[in-house]
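Shown next: run_37.pdb, given as PDB, C-alpha atoms and all ligand atoms.
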```
ATOM      1  CA  MET A   1       0.000   0.000   0.000
ATOM      2  CA  PHE A   2       1.325   3.433  -0.986
ATOM      3  CA  THR A   3      -0.365   6.559   0.366
ATOM      4  CA  LEU A   4      -0.023   9.768  -1.599
ATOM      5  CA  ALA A   5      -1.268  13.117  -0.309
ATOM      6  CA  HIS A   6      -2.087  15.888  -2.789
ATOM      7  CA  LEU A   7      -2.406  19.575  -1.962
ATOM      8  CA  SER A   8      -2.230  22.752  -4.001
ATOM      9  CA  ASP A   9      -2.799  26.481  -4.497
ATOM     10  CA  TRP A  10      -1.600  28.062  -1.273
ATOM     11  CA  HIS A  11      -1.498  31.552  -2.899
ATOM     12  CA  LEU A  12       0.380  33.034   0.021
ATOM     13  CA  ALA A  13       1.475  36.616  -0.409
ATOM     14  CA  SER A  14       4.268  38.819   0.880
ATOM     15  CA  ARG A  15       4.151  42.596   0.978
ATOM     16  CA  PRO A  16       5.742  43.853  -2.253
ATOM     17  CA  ARG A  17       8.154  46.762  -2.587
ATOM     18  CA  LEU A  18       6.771  49.647  -4.639
ATOM     19  CA  VAL A  19       9.238  48.990  -7.453
ATOM     20  CA  GLU A  20       7.848  45.465  -7.820
ATOM     21  CA  LEU A  21       4.324  46.637  -8.580
ATOM     22  CA  ALA A  22       4.482  47.480 -12.282
ATOM     23  CA  GLY A  23       1.945  45.968 -14.698
ATOM     24  CA  LYS A  24       0.280  42.691 -13.838
ATOM     25  CA  ARG A  25       1.616  42.602 -10.272
ATOM     26  CA  GLY A  26      -0.105  45.925  -9.493
ATOM     27  CA  LEU A  27      -3.462  44.551 -10.663
ATOM     28  CA  GLY A  28      -2.771  41.317  -8.800
ATOM     29  CA  LEU A  29      -2.118  43.238  -5.594
ATOM     30  CA  ILE A  30      -5.441  45.085  -5.914
ATOM     31  CA  ASN A  31      -7.186  41.741  -6.431
ATOM     32  CA  TRP A  32      -5.360  40.329  -3.388
ATOM     33  CA  HIS A  33      -6.520  43.154  -1.146
ATOM     34  CA  ARG A  34     -10.098  43.079  -2.486
ATOM     35  CA  LYS A  35     -10.607  39.331  -2.156
ATOM     36  CA  ARG A  36      -7.869  36.801  -1.755
ATOM     37  CA  LYS A  37      -6.153  37.965   1.405
ATOM     38  CA  TYR A  38      -9.349  37.095   3.259
ATOM     39  CA  VAL A  39      -9.481  33.672   1.615
ATOM     40  CA  HIS A  40      -5.926  32.319   1.675
ATOM     41  CA  ARG A  41      -4.397  32.371   5.143
ATOM     42  CA  PRO A  42      -1.007  31.056   6.277
ATOM     43  CA  GLU A  43      -2.435  29.798   9.579
ATOM     44  CA  ILE A  44      -4.967  27.703   7.640
ATOM     45  CA  LEU A  45      -2.188  26.163   5.544
ATOM     46  CA  ASP A  46      -0.389  25.280   8.790
ATOM     47  CA  LEU A  47      -3.518  23.504  10.060
ATOM     48  CA  THR A  48      -4.028  21.669   6.745
ATOM     49  CA  ILE A  49      -0.422  20.479   6.784
ATOM     50  CA  ARG A  50      -0.769  19.374  10.408
ATOM     51  CA  ASP A  51      -3.809  17.230   9.515
ATOM     52  CA  LEU A  52      -2.030  15.861   6.441
ATOM     53  CA  ARG A  53       1.096  14.886   8.381
ATOM     54  CA  ALA A  54      -1.000  13.095  10.995
ATOM     55  CA  GLY A  55      -2.036  10.689   8.209
ATOM     56  CA  ALA A  56       1.671   9.863   7.598
ATOM     57  CA  PRO A  57       1.532   9.652   3.770
ATOM     58  CA  ASP A  58       4.415   7.948   1.980
ATOM     59  CA  HIS A  59       4.697  10.844  -0.432
ATOM     60  CA  VAL A  60       3.221  14.317  -0.996
ATOM     61  CA  ALA A  61       2.363  15.929  -4.357
ATOM     62  CA  VAL A  62       1.977  19.706  -4.661
ATOM     63  CA  THR A  63       0.511  21.172  -7.856
ATOM     64  CA  GLY A  64       1.547  24.802  -7.855
ATOM     65  CA  ASP A  65       0.391  28.352  -7.154
ATOM     66  CA  LEU A  66       2.276  28.369  -3.873
ATOM     67  CA  VAL A  67       2.878  32.106  -4.199
ATOM     68  CA  ASN A  68       0.706  34.998  -5.296
ATOM     69  CA  LEU A  69       2.705  37.672  -7.160
ATOM     70  CA  SER A  70       5.940  35.672  -7.691
ATOM     71  CA  LEU A  71       7.978  37.862  -5.320
ATOM     72  CA  PRO A  72      11.326  36.454  -4.137
ATOM     73  CA  ASP A  73      10.222  36.643  -0.497
ATOM     74  CA  GLU A  74       7.104  34.615  -1.325
ATOM     75  CA  PHE A  75       9.256  31.888  -2.918
ATOM     76  CA  ASN A  76      11.472  31.795   0.136
ATOM     77  CA  ARG A  77       8.518  31.464   2.526
ATOM     78  CA  ALA A  78       6.921  28.805   0.319
ATOM     79  CA  ARG A  79      10.142  26.803   0.540
ATOM     80  CA  GLY A  80       9.717  26.800   4.325
ATOM     81  CA  TRP A  81       6.267  25.240   3.957
ATOM     82  CA  LEU A  82       7.632  22.673   1.490
ATOM     83  CA  GLN A  83      10.225  21.720   4.094
ATOM     84  CA  THR A  84       7.451  21.331   6.656
ATOM     85  CA  LEU A  85       5.803  18.826   4.318
ATOM     86  CA  GLY A  86       8.972  16.791   3.974
ATOM     87  CA  ALA A  87      12.361  16.399   2.337
ATOM     88  CA  PRO A  88      12.642  16.802  -1.464
ATOM     89  CA  HIS A  89      12.820  13.006  -1.834
ATOM     90  CA  ASP A  90       9.330  12.710  -0.348
ATOM     91  CA  VAL A  91       7.623  15.788  -1.804
ATOM     92  CA  THR A  92       7.089  16.365  -5.530
ATOM     93  CA  LEU A  93       6.158  19.802  -6.832
ATOM     94  CA  VAL A  94       5.038  21.223 -10.175
ATOM     95  CA  PRO A  95       4.588  24.979 -10.697
ATOM     96  CA  GLY A  96       1.414  26.968 -11.394
ATOM     97  CA  ASN A  97       0.685  30.203 -13.235
ATOM     98  CA  HIS A  98       1.099  32.337 -10.091
ATOM     99  CA  ASP A  99       4.621  30.902  -9.700
ATOM    100  CA  VAL A 100       5.609  32.582 -13.000
ATOM    101  CA  TYR A 101       3.300  35.569 -12.613
ATOM    102  CA  VAL A 102       5.397  37.884 -14.779
ATOM    103  CA  ARG A 103       7.997  37.167 -17.441
ATOM    104  CA  SER A 104      10.954  38.483 -15.418
ATOM    105  CA  VAL A 105      10.591  35.784 -12.714
ATOM    106  CA  GLN A 106      10.548  32.647 -14.851
ATOM    107  CA  GLN A 107      13.741  31.383 -13.216
ATOM    108  CA  LEU A 108      12.552  31.818  -9.606
ATOM    109  CA  PRO A 109      10.710  28.473  -9.184
ATOM    110  CA  ALA A 110      13.882  26.609 -10.187
ATOM    111  CA  LYS A 111      16.053  28.903  -8.066
ATOM    112  CA  TYR A 112      14.110  28.281  -4.855
ATOM    113  CA  TRP A 113      12.439  24.904  -5.379
ATOM    114  CA  ALA A 114      14.599  22.910  -7.848
ATOM    115  CA  ASP A 115      15.170  19.941  -5.536
ATOM    116  CA  TYR A 116      11.397  19.482  -5.077
ATOM    117  CA  MET A 117      10.777  19.834  -8.803
ATOM    118  CA  CYS A 118      13.218  17.462 -10.472
ATOM    119  CA  GLY A 119      13.401  13.822 -11.489
ATOM    120  CA  ASP A 120      15.457  11.059  -9.879
ATOM    121  CA  ASP A 121      18.232  11.938 -12.348
ATOM    122  CA  GLY A 122      18.465  15.382 -10.694
ATOM    123  CA  LYS A 123      18.125  17.203 -14.024
ATOM    124  CA  ASP A 124      15.953  20.300 -14.438
ATOM    125  CA  GLY A 125      13.142  20.382 -16.972
ATOM    126  CA  PHE A 126       9.726  18.883 -17.664
ATOM    127  CA  PRO A 127       8.405  16.310 -17.732
ATOM    128  CA  PHE A 128      10.452  14.842 -14.926
ATOM    129  CA  LEU A 129      10.123  11.329 -13.564
ATOM    130  CA  ARG A 130      10.395  10.033 -10.027
ATOM    131  CA  ARG A 131       9.984   6.375  -9.237
ATOM    132  CA  ARG A 132       8.977   5.197  -5.758
ATOM    133  CA  GLY A 133       8.520   1.408  -5.767
ATOM    134  CA  ASN A 134       5.918   0.642  -8.430
ATOM    135  CA  ILE A 135       4.696   4.259  -8.487
ATOM    136  CA  ALA A 136       5.839   6.672 -11.227
ATOM    137  CA  LEU A 137       5.373  10.377 -10.490
ATOM    138  CA  ILE A 138       5.494  12.406 -13.699
ATOM    139  CA  GLY A 139       5.740  16.194 -13.289
ATOM    140  CA  LEU A 140       4.565  18.582 -16.010
ATOM    141  CA  SER A 141       4.817  22.357 -16.134
ATOM    142  CA  SER A 142       1.834  24.241 -17.532
ATOM    143  CA  ALA A 143       3.145  27.459 -15.950
ATOM    144  CA  VAL A 144       3.704  30.274 -18.419
ATOM    145  CA  PRO A 145       3.669  34.034 -17.832
ATOM    146  CA  THR A 146       0.529  35.615 -19.277
ATOM    147  CA  ALA A 147      -0.954  39.070 -19.842
ATOM    148  CA  PRO A 148      -3.051  40.711 -17.096
ATOM    149  CA  LEU A 149      -6.445  39.039 -16.508
ATOM    150  CA  LEU A 150      -5.254  35.783 -18.086
ATOM    151  CA  ALA A 151      -4.400  32.657 -16.109
ATOM    152  CA  THR A 152      -3.966  30.243 -18.981
ATOM    153  CA  GLY A 153      -1.381  27.484 -19.092
ATOM    154  CA  ARG A 154       0.484  25.714 -21.860
ATOM    155  CA  LEU A 155       2.680  22.629 -22.138
ATOM    156  CA  GLY A 156       4.063  23.038 -25.666
ATOM    157  CA  LYS A 157       4.986  20.450 -28.269
ATOM    158  CA  THR A 158       8.401  19.514 -26.831
ATOM    159  CA  GLN A 159       7.018  18.682 -23.384
ATOM    160  CA  LEU A 160       4.096  16.751 -24.881
ATOM    161  CA  SER A 161       6.366  14.685 -27.088
ATOM    162  CA  ARG A 162       8.683  13.886 -24.157
ATOM    163  CA  LEU A 163       5.628  12.915 -22.121
ATOM    164  CA  LEU A 164       4.719  10.327 -24.768
ATOM    165  CA  ASP A 165       8.124   8.720 -24.221
ATOM    166  CA  VAL A 166       7.938   8.851 -20.411
ATOM    167  CA  LEU A 167       4.465   7.282 -20.334
ATOM    168  CA  GLU A 168       5.663   4.522 -22.647
ATOM    169  CA  GLN A 169       8.801   3.935 -20.592
ATOM    170  CA  THR A 170       6.790   3.649 -17.344
ATOM    171  CA  ARG A 171       4.052   1.368 -18.675
ATOM    172  CA  GLY A 172       3.246  -1.276 -16.033
ATOM    173  CA  LEU A 173       3.878   1.136 -13.141
ATOM    174  CA  PHE A 174       1.130   3.147 -11.444
ATOM    175  CA  ARG A 175       1.645   6.361 -13.425
ATOM    176  CA  ILE A 176       0.566   9.587 -11.705
ATOM    177  CA  VAL A 177       0.677  12.729 -13.850
ATOM    178  CA  LEU A 178       0.977  16.023 -11.942
ATOM    179  CA  ILE A 179      -0.067  19.287 -13.597
ATOM    180  CA  HIS A 180      -1.354  22.607 -12.281
ATOM    181  CA  HIS A 181      -4.159  23.245 -14.808
ATOM    182  CA  PRO A 182      -7.217  21.007 -15.264
ATOM    183  CA  LEU A 183      -7.760  19.337 -18.647
ATOM    184  CA  LEU A 184     -11.399  20.278 -19.079
ATOM    185  CA  THR A 185     -12.576  23.848 -18.550
ATOM    186  CA  PRO A 186     -16.128  25.243 -18.789
ATOM    187  CA  PRO A 187     -16.609  28.223 -21.171
ATOM    188  CA  LYS A 188     -16.914  30.723 -18.294
ATOM    189  CA  ARG A 189     -13.326  29.866 -17.230
ATOM    190  CA  ARG A 190     -11.900  30.137 -20.753
ATOM    191  CA  LEU A 191      -9.314  32.732 -19.726
ATOM    192  CA  ARG A 192      -7.957  30.273 -17.156
ATOM    193  CA  ARG A 193      -7.713  27.156 -19.360
ATOM    194  CA  LEU A 194      -4.828  24.961 -20.442
ATOM    195  CA  THR A 195      -4.574  26.037 -24.073
ATOM    196  CA  ASP A 196      -3.211  22.713 -25.356
ATOM    197  CA  ALA A 197      -5.390  20.514 -23.136
ATOM    198  CA  ALA A 198      -6.754  18.664 -26.186
ATOM    199  CA  ASP A 199      -3.200  17.644 -27.150
ATOM    200  CA  LEU A 200      -2.519  16.374 -23.623
ATOM    201  CA  ARG A 201      -5.796  14.444 -23.624
ATOM    202  CA  GLY A 202      -4.653  12.896 -26.930
ATOM    203  CA  VAL A 203      -1.342  11.775 -25.417
ATOM    204  CA  LEU A 204      -3.145  10.225 -22.445
ATOM    205  CA  ALA A 205      -5.687   8.519 -24.712
ATOM    206  CA  ASP A 206      -2.794   7.006 -26.653
ATOM    207  CA  LYS A 207      -0.362   6.022 -23.873
ATOM    208  CA  GLY A 208      -2.548   5.930 -20.761
ATOM    209  CA  ALA A 209      -1.869   6.851 -17.144
ATOM    210  CA  GLU A 210      -3.420   5.579 -13.955
ATOM    211  CA  LEU A 211      -4.179   8.940 -12.297
ATOM    212  CA  LEU A 212      -3.875  12.668 -13.055
ATOM    213  CA  LEU A 213      -3.806  15.278 -10.279
ATOM    214  CA  HIS A 214      -4.320  19.016 -10.722
ATOM    215  CA  GLY A 215      -5.077  22.236  -8.854
ATOM    216  CA  HIS A 216      -5.928  25.739 -10.209
ATOM    217  CA  ASP A 217      -9.723  25.621  -9.701
ATOM    218  CA  HIS A 218      -9.571  25.451  -5.869
ATOM    219  CA  SER A 219     -12.389  22.945  -5.888
ATOM    220  CA  ARG A 220     -12.975  19.264  -5.507
ATOM    221  CA  ALA A 221     -13.472  17.543  -8.885
ATOM    222  CA  VAL A 222     -13.182  14.122 -10.490
ATOM    223  CA  VAL A 223     -13.512  13.776 -14.258
ATOM    224  CA  TRP A 224     -12.751  10.680 -16.291
ATOM    225  CA  LEU A 225     -10.454  11.035 -19.296
ATOM    226  CA  ASP A 226     -10.127   8.606 -22.177
ATOM    227  CA  GLY A 227      -7.273   6.102 -21.928
ATOM    228  CA  PRO A 228      -6.245   3.312 -24.314
ATOM    229  CA  LYS A 229      -7.963   0.644 -22.192
ATOM    230  CA  ALA A 230      -9.600   2.183 -19.128
ATOM    231  CA  LYS A 231     -10.755   5.691 -18.263
ATOM    232  CA  ILE A 232      -8.238   7.817 -16.335
ATOM    233  CA  PRO A 233      -9.430   9.753 -13.268
ATOM    234  CA  ALA A 234      -8.365  13.423 -13.256
ATOM    235  CA  VAL A 235      -8.741  14.732  -9.729
ATOM    236  CA  GLY A 236      -8.763  18.375  -8.658
ATOM    237  CA  VAL A 237      -8.162  19.493  -5.091
ATOM    238  CA  PRO A 238      -9.277  22.587  -3.128
ATOM    239  CA  SER A 239      -6.756  25.213  -2.070
ATOM    240  CA  ALA A 240      -4.906  24.099   1.066
ATOM    241  CA  SER A 241      -5.091  27.583   2.597
ATOM    242  CA  ALA A 242      -8.723  28.657   2.023
ATOM    243  CA  GLN A 243     -10.270  29.829   5.250
ATOM    244  CA  ALA A 244     -13.851  29.076   4.102
ATOM    245  CA  PRO A 245     -15.809  28.247   0.944
ATOM    246  CA  HIS A 246     -15.640  31.147  -1.543
ATOM    247  CA  GLY A 247     -17.938  31.226  -4.590
ATOM    248  CA  ASP A 248     -17.432  27.920  -6.425
ATOM    249  CA  GLU A 249     -14.350  27.186  -4.323
ATOM    250  CA  ASN A 250     -14.174  24.792  -1.369
ATOM    251  CA  ALA A 251     -12.772  25.436   2.078
ATOM    252  CA  ALA A 252      -9.200  24.244   2.638
ATOM    253  CA  GLY A 253      -8.574  20.612   1.935
ATOM    254  CA  TYR A 254      -6.348  17.989   0.408
ATOM    255  CA  ASN A 255      -6.734  14.486  -0.993
ATOM    256  CA  LEU A 256      -5.252  11.172   0.068
ATOM    257  CA  PHE A 257      -4.867   8.271  -2.365
ATOM    258  CA  ARG A 258      -4.341   4.741  -1.085
ATOM    259  CA  ILE A 259      -2.836   2.714  -3.923
ATOM    260  CA  ASP A 260      -2.419  -1.025  -3.917
ATOM    261  CA  GLY A 261      -2.043  -3.918  -6.360
ATOM    262  CA  ASP A 262      -0.007  -4.290  -9.518
ATOM    263  CA  ALA A 263      -0.208  -3.813 -13.278
ATOM    264  CA  GLY A 264      -3.637  -4.754 -14.585
ATOM    265  CA  ASN A 265      -4.987  -5.062 -11.076
ATOM    266  CA  TRP A 266      -4.581  -1.676  -9.387
ATOM    267  CA  ARG A 267      -6.789  -0.479  -6.578
ATOM    268  CA  CYS A 268      -6.998   3.177  -5.644
ATOM    269  CA  GLU A 269      -9.133   4.752  -2.965
ATOM    270  CA  MET A 270      -9.476   8.521  -2.693
ATOM    271  CA  ILE A 271     -10.202  10.337   0.563
ATOM    272  CA  GLY A 272     -10.964  14.067   0.385
ATOM    273  CA  ARG A 273     -10.183  15.847   3.646
ATOM    274  CA  GLU A 274     -11.744  19.272   4.190
ATOM    275  CA  ARG A 275     -11.796  21.996   6.814
ATOM    276  CA  ASP A 276     -15.162  22.274   8.511
ATOM    277  CA  ALA A 277     -16.851  25.466   9.759
ATOM    278  CA  ASP A 278     -15.680  24.636  13.312
ATOM    279  CA  GLY A 279     -12.067  24.466  12.128
ATOM    280  CA  SER A 280     -11.697  20.695  12.358
ATOM    281  CA  TYR A 281     -10.825  18.510   9.379
ATOM    282  CA  ARG A 282     -13.129  15.713   8.259
ATOM    283  CA  ASP A 283     -13.553  13.247   5.395
ATOM    284  CA  ALA A 284     -15.593  15.244   2.863
ATOM    285  CA  GLU A 285     -15.460  12.446   0.325
ATOM    286  CA  ARG A 286     -14.341   8.850   0.226
ATOM    287  CA  ARG A 287     -14.557   6.797  -2.940
ATOM    288  CA  VAL A 288     -12.927   3.851  -4.632
ATOM    289  CA  LEU A 289     -11.698   5.108  -8.020
ATOM    290  CA  PHE A 290     -10.889   1.577  -9.200
TER     291      PHE A 290
HETATM  292 FE    FE A 301      -3.578  28.625 -10.915
END
```
For the structure just supplied, provide its representation as structure tokens.
Amino acid sequence: MFTLAHLSDWHLASRPRLVELAGKRGLGLINWHRKRKYVHRPEILDLTIRDLRAGAPDHVAVTGDLVNLSLPDEFNRARGWLQTLGAPHDVTLVPGNHDVYVRSVQQLPAKYWADYMCGDDGKDGFPFLRRRGNIALIGLSSAVPTAPLLATGRLGKTQLSRLLDVLEQTRGLFRIVLIHHPLLTPPKRRLRRLTDAADLRGVLADKGAELLLHGHDHSRAVVWLDGPKAKIPAVGVPSASAQAPHGDENAAGYNLFRIDGDAGNWRCEMIGRERDADGSYRDAERRVLF
């Protein structure tokens, strides 16, 4: 039995210096003060992580948007929370759009988080592959800087073609694909979509995977994607720092996956943990995926 915990979208902010507020960051700061600073709270993330650690998972997956405006101080603080979750060997991270909020900071995720965001070969770049027993963790980056008011993501042809090879090479293992953006987006969230999601769905339909985990929407979701033999569950998780439900978004939570079996005979149970109005954490959902 292998237990994987999945959390995402902390969106924790630091106070910017005036010089850092040009363009998109200025708009982002206004948005933060109008809405998000009341939603995403560091003390809530601490409580979520405390509940998660009590379950003693074998490994933790984090799917991006750890920071809010991509300020160096935010990256540094986020690294502290990553260390609270565990050592780089036991925690696998992929970046989100807020982690490359503006073009000038594209190198910061690698600068601060490289050891959490690399394969077993230690090389930078995506996709990366980590193998833990019969589990393959495959990290993708959909994080690209975008214009103000956009939160789209993109993988690009090179990453997609490498993913084909990695999925082929890991056939027979329990393959878990980690990506920040979801693969299906309703029309009202068009400006927040993964622009080459159809290409990624094509790769998965061709090569298969056992599980895909994403963040970005801050809500609990399970959709089933086409695979070559069986459908592939794509599971979204709430933000780990959300003080309370907010619009379509859930209160803070994370998911646990209990994985057992072997090729052709996998079993996977999902347990969604969520912060309740009284501040305690409870099982919001429990289901056998297969
Ligand atoms: Fe996001």
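Listed by chain and then by number, the residues chosen by the PyMOL selection byres (((chain A and resi 229) around 12) and not hetatm) in this file are Leu204, Ala205, Asp206, Lys207, Gly208, Ala209, Glu210, Leu225, Asp226, Gly227, Pro228, Ala230, Lys231, Ile232 and Gly264 of chain A.
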Next item on the list: Please provide the set of residues having any atom within 6 Å of stretch 70-77 of chain A, restricted to only C-alpha atoms, with same-chain residues fewer than 6 positions apart removed, written as a PyMOL selection string.
Entry: chain A and resi 14+99+101
Margin query: Here is a test: counting only C-alpha atoms and all ligand atoms, which residue of A:Gly119, A:Gly215, A:Gly172, A:Gly125 is nearest to ligand FE 301 (chain A)?
Written below: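 Answer, going by the shortest atom-to-atom distance: A:Gly215.
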Item checked: Test item: the PyMOL selection byres (((chain A and resi 154-163) around 7) and not hetatm) resolved as a ChimeraX atom specification -> /A:126-127,141-144,152-153,164-167,194-196,200
Would you export the selected residues with C-alpha atoms as an mmCIF file, in the coordinates of the input, please?
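Full text of again31.cif as output:
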```cif
data_model
loop_
_atom_site.group_PDB
_atom_site.id
_atom_site.type_symbol
_atom_site.label_atom_id
_atom_site.label_comp_id
_atom_site.auth_asym_id
_atom_site.auth_seq_id
_atom_site.Cartn_x
_atom_site.Cartn_y
_atom_site.Cartn_z
ATOM 1 C CA PHE A 126 9.726 18.883 -17.664
ATOM 2 C CA PRO A 127 8.405 16.310 -17.732
ATOM 3 C CA SER A 141 4.817 22.357 -16.134
ATOM 4 C CA SER A 142 1.834 24.241 -17.532
ATOM 5 C CA ALA A 143 3.145 27.459 -15.950
ATOM 6 C CA VAL A 144 3.704 30.274 -18.419
ATOM 7 C CA THR A 152 -3.966 30.243 -18.981
ATOM 8 C CA GLY A 153 -1.381 27.484 -19.092
ATOM 9 C CA LEU A 164 4.719 10.327 -24.768
ATOM 10 C CA ASP A 165 8.124 8.720 -24.221
ATOM 11 C CA VAL A 166 7.938 8.851 -20.411
ATOM 12 C CA LEU A 167 4.465 7.282 -20.334
ATOM 13 C CA LEU A 194 -4.828 24.961 -20.442
ATOM 14 C CA THR A 195 -4.574 26.037 -24.073
ATOM 15 C CA ASP A 196 -3.211 22.713 -25.356
ATOM 16 C CA LEU A 200 -2.519 16.374 -23.623
#
```
Which residues sit within 7 Å of ligand FE 301 (chain A), counting all atoms listed in the file, listed as a tab-separated table (two decimals) with C-alpha atoms, in the coordinates of the input?
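What follows is the written file selection38.tsv:
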```tsv
chain	number	residue	atom	x	y	z
A	9	ASP	CA	-2.80	26.48	-4.50
A	65	ASP	CA	0.39	28.35	-7.15
A	96	GLY	CA	1.41	26.97	-11.39
A	97	ASN	CA	0.68	30.20	-13.24
A	98	HIS	CA	1.10	32.34	-10.09
A	151	ALA	CA	-4.40	32.66	-16.11
A	180	HIS	CA	-1.35	22.61	-12.28
A	181	HIS	CA	-4.16	23.24	-14.81
A	215	GLY	CA	-5.08	22.24	-8.85
A	216	HIS	CA	-5.93	25.74	-10.21
A	217	ASP	CA	-9.72	25.62	-9.70
```
Next item on the list: Taking the file above as input, evaluate the PyMOL selection byres (((chain A and resi 133) around 10) and not hetatm) and report the hits as number ranges by chain.
Entry: A: 2, 130-132, 134-136, 173-174
Item checked: Residue nearest A:Arg25 - candidates A:Ser104, A:Val60, A:Ala78, A:Asp276, atoms counted: all atoms listed in the file -> A:Ser104
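Residue nearest A:Ile44 within the list A:Ala242, A:Met117, A:Leu289, A:Leu93: A:Ala242 [criterion: smallest interatomic distance, all atoms listed in the file].
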Item checked: Distance criterion (only C-alpha atoms): nearest to A:Gly122 out of A:Pro88, A:Pro148, A:Pro109, A:Gly279 ->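 Among A:Pro88, A:Pro148, A:Pro109, A:Gly279, it is A:Pro88 that comes nearest to A:Gly122.
In this model, the gap between atom CA of A:Arg273 and atom CA of A:Val288 comes to 14.8 Å.
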Next item on the list: Enter the distance from atom CA of A:Pro182 to atom CA of A:Val203, in Å, rounded to one decimal.
Entry: 14.9 Å
Checklist line | Pick from A:Asp115, A:Glu269, A:Glu168, A:Asp120, whichever lies nearest to A:Gln83 using all atoms listed in the file | finding: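 Among the listed residues, A:Asp115 lies closest to A:Gln83.
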Near A:Ser239, counting all atoms listed in the file, which residues have an atom at most 9 Å away, once you skip same-chain residues fewer than 2 positions from it, shown as a short mmCIF file (atom, residue, chain, number, x, y, z; two decimals) with C-alpha atoms, in the frame of the given file?
```
data_model
loop_
_atom_site.label_atom_id
_atom_site.label_comp_id
_atom_site.auth_asym_id
_atom_site.auth_seq_id
_atom_site.Cartn_x
_atom_site.Cartn_y
_atom_site.Cartn_z
CA LEU A 7 -2.41 19.58 -1.96
CA SER A 8 -2.23 22.75 -4.00
CA ASP A 9 -2.80 26.48 -4.50
CA TRP A 10 -1.60 28.06 -1.27
CA HIS A 11 -1.50 31.55 -2.90
CA HIS A 40 -5.93 32.32 1.68
CA LEU A 45 -2.19 26.16 5.54
CA GLY A 215 -5.08 22.24 -8.85
CA HIS A 216 -5.93 25.74 -10.21
CA ASP A 217 -9.72 25.62 -9.70
CA HIS A 218 -9.57 25.45 -5.87
CA SER A 219 -12.39 22.94 -5.89
CA VAL A 237 -8.16 19.49 -5.09
CA SER A 241 -5.09 27.58 2.60
CA ALA A 242 -8.72 28.66 2.02
CA GLU A 249 -14.35 27.19 -4.32
CA ASN A 250 -14.17 24.79 -1.37
CA ALA A 251 -12.77 25.44 2.08
CA ALA A 252 -9.20 24.24 2.64
CA GLY A 253 -8.57 20.61 1.94
CA TYR A 254 -6.35 17.99 0.41
#
```
Margin query: Under the rule that all atoms listed in the file are counted, which of A:Leu52, A:Ala240, A:Ala221, A:Val100 is the nearest residue to A:Glu285?
Written below: A:Ala221
Note to self: Give me the residues near A:Gly272 as a ChimeraX atom specification, where near means some atom within 10 Å (using only C-alpha atoms) and where sequence neighbours in that chain fewer than 3 positions away do not count.
What the structure shows: /A:5-6,220,237-238,253-257,282-287
Take the residues just selected and output them with C-alpha atoms as a compact mmCIF listing (two decimals), keeping the file's coordinate frame.
```txt
# COMPACT_ATOMS: atom_id res chain seq x y z
CA ALA A 5 -1.27 13.12 -0.31
CA HIS A 6 -2.09 15.89 -2.79
CA ARG A 220 -12.98 19.26 -5.51
CA VAL A 237 -8.16 19.49 -5.09
CA PRO A 238 -9.28 22.59 -3.13
CA GLY A 253 -8.57 20.61 1.94
CA TYR A 254 -6.35 17.99 0.41
CA ASN A 255 -6.73 14.49 -0.99
CA LEU A 256 -5.25 11.17 0.07
CA PHE A 257 -4.87 8.27 -2.37
CA ARG A 282 -13.13 15.71 8.26
CA ASP A 283 -13.55 13.25 5.40
CA ALA A 284 -15.59 15.24 2.86
CA GLU A 285 -15.46 12.45 0.32
CA ARG A 286 -14.34 8.85 0.23
CA ARG A 287 -14.56 6.80 -2.94
```
Check: In Å to one decimal, how far is atom CA of A:Trp81 from atom CA of A:Leu47?
Finding: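 According to the coordinates, atom CA of A:Leu47 and atom CA of A:Trp81 are separated by 11.7 Å.
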